[in-house]
Amino acid sequence: MTDTPRPTKDRLIHSAATLFRTRGYHGVGLADVLADAQAPKGSLYHHFPNGKSDLAIAAATWASDEMLRLIAASFDGAKTFEAGATTLCYKLAKLFDKTGWDTCPIAATLFEGPDSTDMRAHASHIYEGWIAEVLDHAGRLGLSEDHAKAKAEHLFVLIQGGWMLARARRSSDVLRTLTSQL
């Protein structure tokens, strides 16, 4: 039995997310994405009429959906907020090791891309979604609304800063120790 190839649109999004993460928005041309996705040029504009900027938003959304799944899996079954946050940080450390110290795909795509209101608004929407996902779990685990919000935002800030420091040090150990600062 053979694997069914992914639809062209999915291949374009996955390729763009990977390339933007590893080379940055400006380091990737549409020809690079098309070659990596093994897709014809016409398919890009068929699925993404505004070209690279539409593709960047789709790639960031795809990467965000992956992060939301990672958050949910980390907090599923956790008995405490700290246990879920620790699992999340360990999973992120594994991801960090697997990706070879790349930047956050959202930052590489939406903040290093064109300076546009749409890009910034989409990045804000994505990050608020991550915080809301953690906030839901914090509330489920018994934290008061105010405490849950503070913890969710603090964890987000720790993860973003921790990822940058881990990149600089070339060590995922930074991510494994983040929850000691909650």
# chains A, B, ... in the order shown; residues from 1 in each chain; ligands from 1
call {"tool": "residues_around", "arguments": {"residues": "Thr8 of chain A", "least_positions_apart": "5", "cutoff": "12 Å", "atoms": "only C-alpha atoms", "output": "PyMOL selection string"}}
result
chain A and resi 13-15+33-48
call {"tool": "residues_around", "arguments": {"residues": "Phe75 of chain A", "least_positions_apart": "2", "cutoff": "8 Å", "atoms": "only C-alpha atoms", "output": "ChimeraX atom specification"}}
result
/A:71-73,77-78,81,83-85,87-88,137
call {"tool": "write_last_selection", "arguments": {"atoms": "N, CA, C and O atoms", "output": "PDB file, in the first residue's frame"}}
result
ATOM      1  N   ILE A  71       0.216  21.924  22.485  1.00  0.00           N
ATOM      2  CA  ILE A  71      -0.241  22.425  23.785  1.00  0.00           C
ATOM      3  C   ILE A  71      -1.312  21.493  24.342  1.00  0.00           C
ATOM      4  O   ILE A  71      -1.245  21.088  25.511  1.00  0.00           O
ATOM      5  N   ALA A  72      -2.285  21.159  23.516  1.00  0.00           N
ATOM      6  CA  ALA A  72      -3.384  20.292  23.974  1.00  0.00           C
ATOM      7  C   ALA A  72      -2.853  18.940  24.440  1.00  0.00           C
ATOM      8  O   ALA A  72      -3.237  18.444  25.505  1.00  0.00           O
ATOM      9  N   ALA A  73      -1.947  18.348  23.672  1.00  0.00           N
ATOM     10  CA  ALA A  73      -1.384  17.049  24.032  1.00  0.00           C
ATOM     11  C   ALA A  73      -0.573  17.134  25.326  1.00  0.00           C
ATOM     12  O   ALA A  73      -0.561  16.199  26.124  1.00  0.00           O
ATOM     13  N   GLY A  77      -4.477  15.254  30.402  1.00  0.00           N
ATOM     14  CA  GLY A  77      -4.121  14.306  31.450  1.00  0.00           C
ATOM     15  C   GLY A  77      -3.232  14.875  32.539  1.00  0.00           C
ATOM     16  O   GLY A  77      -2.928  14.179  33.512  1.00  0.00           O
ATOM     17  N   ALA A  78      -2.792  16.127  32.388  1.00  0.00           N
ATOM     18  CA  ALA A  78      -1.949  16.732  33.429  1.00  0.00           C
ATOM     19  C   ALA A  78      -2.775  16.954  34.686  1.00  0.00           C
ATOM     20  O   ALA A  78      -3.942  17.331  34.622  1.00  0.00           O
ATOM     21  N   PHE A  81      -1.126  22.540  36.534  1.00  0.00           N
ATOM     22  CA  PHE A  81      -0.665  23.425  35.472  1.00  0.00           C
ATOM     23  C   PHE A  81       0.827  23.241  35.240  1.00  0.00           C
ATOM     24  O   PHE A  81       1.283  23.164  34.109  1.00  0.00           O
ATOM     25  N   ALA A  83       2.671  20.629  35.703  1.00  0.00           N
ATOM     26  CA  ALA A  83       2.960  19.366  35.014  1.00  0.00           C
ATOM     27  C   ALA A  83       2.704  19.508  33.517  1.00  0.00           C
ATOM     28  O   ALA A  83       3.508  19.058  32.696  1.00  0.00           O
ATOM     29  N   GLY A  84       1.601  20.145  33.154  1.00  0.00           N
ATOM     30  CA  GLY A  84       1.302  20.347  31.734  1.00  0.00           C
ATOM     31  C   GLY A  84       2.328  21.260  31.084  1.00  0.00           C
ATOM     32  O   GLY A  84       2.789  21.008  29.965  1.00  0.00           O
ATOM     33  N   ALA A  85       2.703  22.329  31.784  1.00  0.00           N
ATOM     34  CA  ALA A  85       3.690  23.268  31.244  1.00  0.00           C
ATOM     35  C   ALA A  85       5.053  22.592  31.090  1.00  0.00           C
ATOM     36  O   ALA A  85       5.755  22.812  30.095  1.00  0.00           O
ATOM     37  N   THR A  87       5.581  19.365  30.577  1.00  0.00           N
ATOM     38  CA  THR A  87       5.480  18.469  29.413  1.00  0.00           C
ATOM     39  C   THR A  87       5.597  19.271  28.124  1.00  0.00           C
ATOM     40  O   THR A  87       6.292  18.872  27.192  1.00  0.00           O
ATOM     41  N   LEU A  88       4.924  20.423  28.063  1.00  0.00           N
ATOM     42  CA  LEU A  88       5.000  21.269  26.873  1.00  0.00           C
ATOM     43  C   LEU A  88       6.439  21.694  26.603  1.00  0.00           C
ATOM     44  O   LEU A  88       6.922  21.611  25.468  1.00  0.00           O
ATOM     45  N   HIS A 137      -6.623  25.426  29.752  1.00  0.00           N
ATOM     46  CA  HIS A 137      -6.091  24.320  30.559  1.00  0.00           C
ATOM     47  C   HIS A 137      -5.804  24.769  31.992  1.00  0.00           C
ATOM     48  O   HIS A 137      -6.071  24.026  32.943  1.00  0.00           O
TER      49      HIS A 137
END
call {"tool": "closest_residue", "arguments": {"among": "A:Arg167, A:Arg120, A:Arg176, A:His154", "to": "Ala60 of chain A", "atoms": "only C-alpha atoms"}}
result
A:Arg120
call {"tool": "residues_around", "arguments": {"residues": "Gly129 of chain A", "least_positions_apart": "3", "cutoff": "10 Å", "atoms": "only C-alpha atoms", "output": "compact mmCIF listing (two decimals) with N, CA and C atoms, in the first residue's frame"}}
result
# COMPACT_ATOMS: atom_id res chain seq x y z
N SER A 64 0.87 27.27 13.48
CA SER A 64 0.13 27.55 14.71
C SER A 64 -0.77 26.38 15.08
N ASP A 65 -1.42 25.79 14.11
CA ASP A 65 -2.27 24.63 14.39
C ASP A 65 -1.46 23.49 14.99
N MET A 67 1.22 23.89 16.82
CA MET A 67 1.52 24.31 18.18
C MET A 67 0.30 24.10 19.08
N LEU A 68 -0.88 24.42 18.59
CA LEU A 68 -2.09 24.22 19.38
C LEU A 68 -2.29 22.75 19.72
N ALA A 123 -0.38 37.53 13.21
CA ALA A 123 0.55 37.06 14.25
C ALA A 123 -0.08 37.25 15.63
N SER A 124 -0.71 38.38 15.85
CA SER A 124 -1.37 38.63 17.12
C SER A 124 -2.48 37.61 17.37
N HIS A 125 -3.27 37.34 16.35
CA HIS A 125 -4.35 36.35 16.45
C HIS A 125 -3.80 34.96 16.81
N ILE A 126 -2.73 34.58 16.15
CA ILE A 126 -2.12 33.27 16.41
C ILE A 126 -1.61 33.19 17.85
N ALA A 132 -4.74 31.56 24.79
CA ALA A 132 -6.09 31.12 25.15
C ALA A 132 -6.14 29.61 25.38
N GLU A 133 -5.41 28.85 24.58
CA GLU A 133 -5.38 27.39 24.77
C GLU A 133 -4.77 27.04 26.12
N VAL A 134 -3.67 27.69 26.47
CA VAL A 134 -3.04 27.44 27.78
C VAL A 134 -3.96 27.94 28.89
N LEU A 135 -4.58 29.07 28.68
CA LEU A 135 -5.51 29.63 29.67
C LEU A 135 -6.65 28.66 29.97
call {"tool": "closest_residue", "arguments": {"among": "A:Phe96, A:Tyr127, A:Trp62, A:Phe20", "to": "Asp173 of chain A", "atoms": "only C-alpha atoms"}}
result
A:Phe96
call {"tool": "closest_residue", "arguments": {"among": "A:Ala138, A:Met119, A:Ala108, A:Leu92", "to": "Leu158 of chain A", "atoms": "only C-alpha atoms"}}
result
A:Leu92
call {"tool": "atom_distance", "arguments": {"atom1": "atom CA of Ser172 of chain A", "atom2": "atom CA of Val157 of chain A"}}
result
16.4 Å
call {"tool": "atom_distance", "arguments": {"atom1": "atom CA of Lys149 of chain A", "atom2": "atom CA of Glu128 of chain A"}}
result
11.2 Å
call {"tool": "residues_around", "arguments": {"residues": "Leu155 of chain A", "least_positions_apart": "5", "cutoff": "10 Å", "atoms": "only C-alpha atoms", "output": "PDB file with N, CA and C atoms, in the first residue's frame"}}
result
ATOM      1  N   ALA A  85       2.703  22.329  31.784  1.00  0.00           N
ATOM      2  CA  ALA A  85       3.690  23.268  31.244  1.00  0.00           C
ATOM      3  C   ALA A  85       5.053  22.592  31.090  1.00  0.00           C
ATOM      4  N   LEU A  88       4.924  20.423  28.063  1.00  0.00           N
ATOM      5  CA  LEU A  88       5.000  21.269  26.873  1.00  0.00           C
ATOM      6  C   LEU A  88       6.439  21.694  26.603  1.00  0.00           C
ATOM      7  N   CYS A  89       7.138  22.131  27.630  1.00  0.00           N
ATOM      8  CA  CYS A  89       8.523  22.578  27.439  1.00  0.00           C
ATOM      9  C   CYS A  89       9.428  21.436  26.982  1.00  0.00           C
ATOM     10  N   ILE A 131      -2.130  31.496  23.779  1.00  0.00           N
ATOM     11  CA  ILE A 131      -2.355  31.895  25.167  1.00  0.00           C
ATOM     12  C   ILE A 131      -3.726  31.412  25.629  1.00  0.00           C
ATOM     13  N   VAL A 134      -3.671  27.685  26.472  1.00  0.00           N
ATOM     14  CA  VAL A 134      -3.039  27.445  27.775  1.00  0.00           C
ATOM     15  C   VAL A 134      -3.958  27.938  28.895  1.00  0.00           C
ATOM     16  N   LYS A 149      -4.664  33.571  33.627  1.00  0.00           N
ATOM     17  CA  LYS A 149      -4.248  34.489  32.553  1.00  0.00           C
ATOM     18  C   LYS A 149      -2.785  34.880  32.722  1.00  0.00           C
ATOM     19  N   ALA A 150      -2.409  35.213  33.942  1.00  0.00           N
ATOM     20  CA  ALA A 150      -1.017  35.596  34.196  1.00  0.00           C
ATOM     21  C   ALA A 150      -0.070  34.440  33.888  1.00  0.00           C
ATOM     22  N   GLN A 160       8.841  31.906  24.166  1.00  0.00           N
ATOM     23  CA  GLN A 160       9.409  32.696  23.058  1.00  0.00           C
ATOM     24  C   GLN A 160      10.850  33.119  23.368  1.00  0.00           C
ATOM     25  N   GLY A 161      11.059  33.635  24.560  1.00  0.00           N
ATOM     26  CA  GLY A 161      12.424  34.027  24.945  1.00  0.00           C
ATOM     27  C   GLY A 161      13.340  32.830  25.093  1.00  0.00           C
ATOM     28  N   GLY A 162      12.799  31.737  25.639  1.00  0.00           N
ATOM     29  CA  GLY A 162      13.589  30.519  25.804  1.00  0.00           C
ATOM     30  C   GLY A 162      14.038  29.955  24.478  1.00  0.00           C
ATOM     31  N   LEU A 178      12.521  25.952  31.677  1.00  0.00           N
ATOM     32  CA  LEU A 178      11.670  27.151  31.716  1.00  0.00           C
ATOM     33  C   LEU A 178      10.654  27.127  32.844  1.00  0.00           C
ATOM     34  N   THR A 179      10.070  25.978  33.103  1.00  0.00           N
ATOM     35  CA  THR A 179       8.986  25.962  34.093  1.00  0.00           C
ATOM     36  C   THR A 179       9.467  26.229  35.507  1.00  0.00           C
ATOM     37  N   GLN A 181      10.814  28.782  36.235  1.00  0.00           N
ATOM     38  CA  GLN A 181      10.642  30.224  36.340  1.00  0.00           C
ATOM     39  C   GLN A 181       9.179  30.635  36.401  1.00  0.00           C
ATOM     40  N   LEU A 182       8.277  29.658  36.377  1.00  0.00           N
ATOM     41  CA  LEU A 182       6.852  29.979  36.508  1.00  0.00           C
ATOM     42  C   LEU A 182       6.587  30.285  37.935  1.00  0.00           C
TER      43      LEU A 182
END
